[in-house]
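The structure under discussion appears below in the form of structure tokens.
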Amino acid sequence: MELTVNVDYEQILGLIYQLPKKEIEKLTITLQSEILSKKSTKSIQELILNAPTWSDPEFDNYQKARNHIEKSRIA
């Protein structure tokens with residue numbers, strides 16, 4: 001079962017203003033946390049997409065250095 005309700009912005013504001021003060025504060029905190037989580041997700045995605053990457057030779061050098069360190073620990 002699905003129910004669709006068309007409510008415009010002014011109607012939503014009117015409903016919000018009818019809420020008790022504590023409920024408005026609770027709604028404010030909820031909305032702010034939603035906004036912050038979306039911003040942090042977006043910034044993490046931007047960081048990952050814009051992060052520098054290694055070329056194949058750089059990665060090979062890293063692997064060789066890592067293998068060398070691991071072998072020196074065993075000896």
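Ligands are numbered from 1 in the order shown, residues from 1 within each chain, and chains are lettered A, B, ... in the order they appear in the structure tokens.
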Please extract the residues of chain A with a backbone DSSP assignment of helix (DSSP H, G or I) and present them as a PDB file with C-alpha atoms, in the first residue's frame.
ATOM      1  CA  TYR A   9       6.692  24.326   1.673  1.00  0.00           C
ATOM      2  CA  GLU A  10       4.368  26.833   3.352  1.00  0.00           C
ATOM      3  CA  GLN A  11       2.126  24.045   4.622  1.00  0.00           C
ATOM      4  CA  ILE A  12       5.117  22.222   6.067  1.00  0.00           C
ATOM      5  CA  LEU A  13       6.230  25.397   7.839  1.00  0.00           C
ATOM      6  CA  GLY A  14       2.734  25.875   9.224  1.00  0.00           C
ATOM      7  CA  LEU A  15       2.757  22.335  10.600  1.00  0.00           C
ATOM      8  CA  ILE A  16       6.191  22.829  12.127  1.00  0.00           C
ATOM      9  CA  TYR A  17       5.110  26.038  13.868  1.00  0.00           C
ATOM     10  CA  LYS A  21       8.965  24.015  21.371  1.00  0.00           C
ATOM     11  CA  LYS A  22      10.731  20.802  22.438  1.00  0.00           C
ATOM     12  CA  GLU A  23       9.583  19.016  19.284  1.00  0.00           C
ATOM     13  CA  ILE A  24      10.835  21.906  17.121  1.00  0.00           C
ATOM     14  CA  GLU A  25      14.215  21.686  18.864  1.00  0.00           C
ATOM     15  CA  LYS A  26      14.275  17.927  18.301  1.00  0.00           C
ATOM     16  CA  LEU A  27      13.425  18.423  14.613  1.00  0.00           C
ATOM     17  CA  THR A  28      16.153  21.055  14.297  1.00  0.00           C
ATOM     18  CA  ILE A  29      18.771  18.719  15.762  1.00  0.00           C
ATOM     19  CA  THR A  30      17.652  15.879  13.502  1.00  0.00           C
ATOM     20  CA  LEU A  31      17.807  18.041  10.372  1.00  0.00           C
ATOM     21  CA  GLN A  32      21.210  19.468  11.306  1.00  0.00           C
ATOM     22  CA  SER A  33      22.661  16.006  11.852  1.00  0.00           C
ATOM     23  CA  GLU A  34      21.267  14.870   8.482  1.00  0.00           C
ATOM     24  CA  ILE A  35      22.862  17.865   6.760  1.00  0.00           C
ATOM     25  CA  LEU A  36      26.217  17.257   8.462  1.00  0.00           C
ATOM     26  CA  SER A  37      26.243  13.573   7.561  1.00  0.00           C
ATOM     27  CA  LYS A  38      25.508  14.373   3.914  1.00  0.00           C
ATOM     28  CA  LYS A  39      28.274  17.004   3.878  1.00  0.00           C
ATOM     29  CA  SER A  40      30.794  14.621   5.425  1.00  0.00           C
ATOM     30  CA  THR A  41      29.857  11.874   2.963  1.00  0.00           C
ATOM     31  CA  LYS A  42      30.255  14.311   0.092  1.00  0.00           C
ATOM     32  CA  SER A  43      33.632  15.528   1.355  1.00  0.00           C
ATOM     33  CA  ILE A  44      34.878  11.945   1.784  1.00  0.00           C
ATOM     34  CA  GLN A  45      33.765  11.120  -1.749  1.00  0.00           C
ATOM     35  CA  GLU A  46      35.523  14.233  -3.083  1.00  0.00           C
ATOM     36  CA  LEU A  47      38.687  13.309  -1.203  1.00  0.00           C
ATOM     37  CA  ILE A  48      38.680   9.796  -2.620  1.00  0.00           C
ATOM     38  CA  LEU A  49      37.943  10.943  -6.165  1.00  0.00           C
ATOM     39  CA  ASN A  50      40.581  13.694  -6.096  1.00  0.00           C
ATOM     40  CA  ASP A  56      52.586   1.236 -11.897  1.00  0.00           C
ATOM     41  CA  PRO A  57      56.338   1.864 -11.396  1.00  0.00           C
ATOM     42  CA  GLU A  58      55.665   3.673  -8.099  1.00  0.00           C
ATOM     43  CA  PHE A  59      53.520   0.807  -6.869  1.00  0.00           C
ATOM     44  CA  ASP A  60      56.179  -1.721  -7.895  1.00  0.00           C
ATOM     45  CA  ASN A  61      58.794   0.254  -5.941  1.00  0.00           C
ATOM     46  CA  TYR A  62      56.503   0.266  -2.917  1.00  0.00           C
ATOM     47  CA  GLN A  63      55.988  -3.496  -3.152  1.00  0.00           C
ATOM     48  CA  LYS A  64      59.743  -4.095  -3.437  1.00  0.00           C
ATOM     49  CA  ALA A  65      60.436  -1.906  -0.406  1.00  0.00           C
ATOM     50  CA  ARG A  66      57.730  -3.635   1.584  1.00  0.00           C
ATOM     51  CA  ASN A  67      59.064  -7.083   0.685  1.00  0.00           C
ATOM     52  CA  HIS A  68      62.571  -5.973   1.649  1.00  0.00           C
ATOM     53  CA  ILE A  69      61.345  -4.753   5.050  1.00  0.00           C
ATOM     54  CA  GLU A  70      59.443  -7.986   5.665  1.00  0.00           C
ATOM     55  CA  LYS A  71      62.502 -10.090   4.792  1.00  0.00           C
ATOM     56  CA  SER A  72      64.737  -8.018   7.069  1.00  0.00           C
ATOM     57  CA  ARG A  73      62.373  -8.627   9.998  1.00  0.00           C
ATOM     58  CA  ILE A  74      62.621 -12.384   9.559  1.00  0.00           C
TER      59      ILE A  74
END
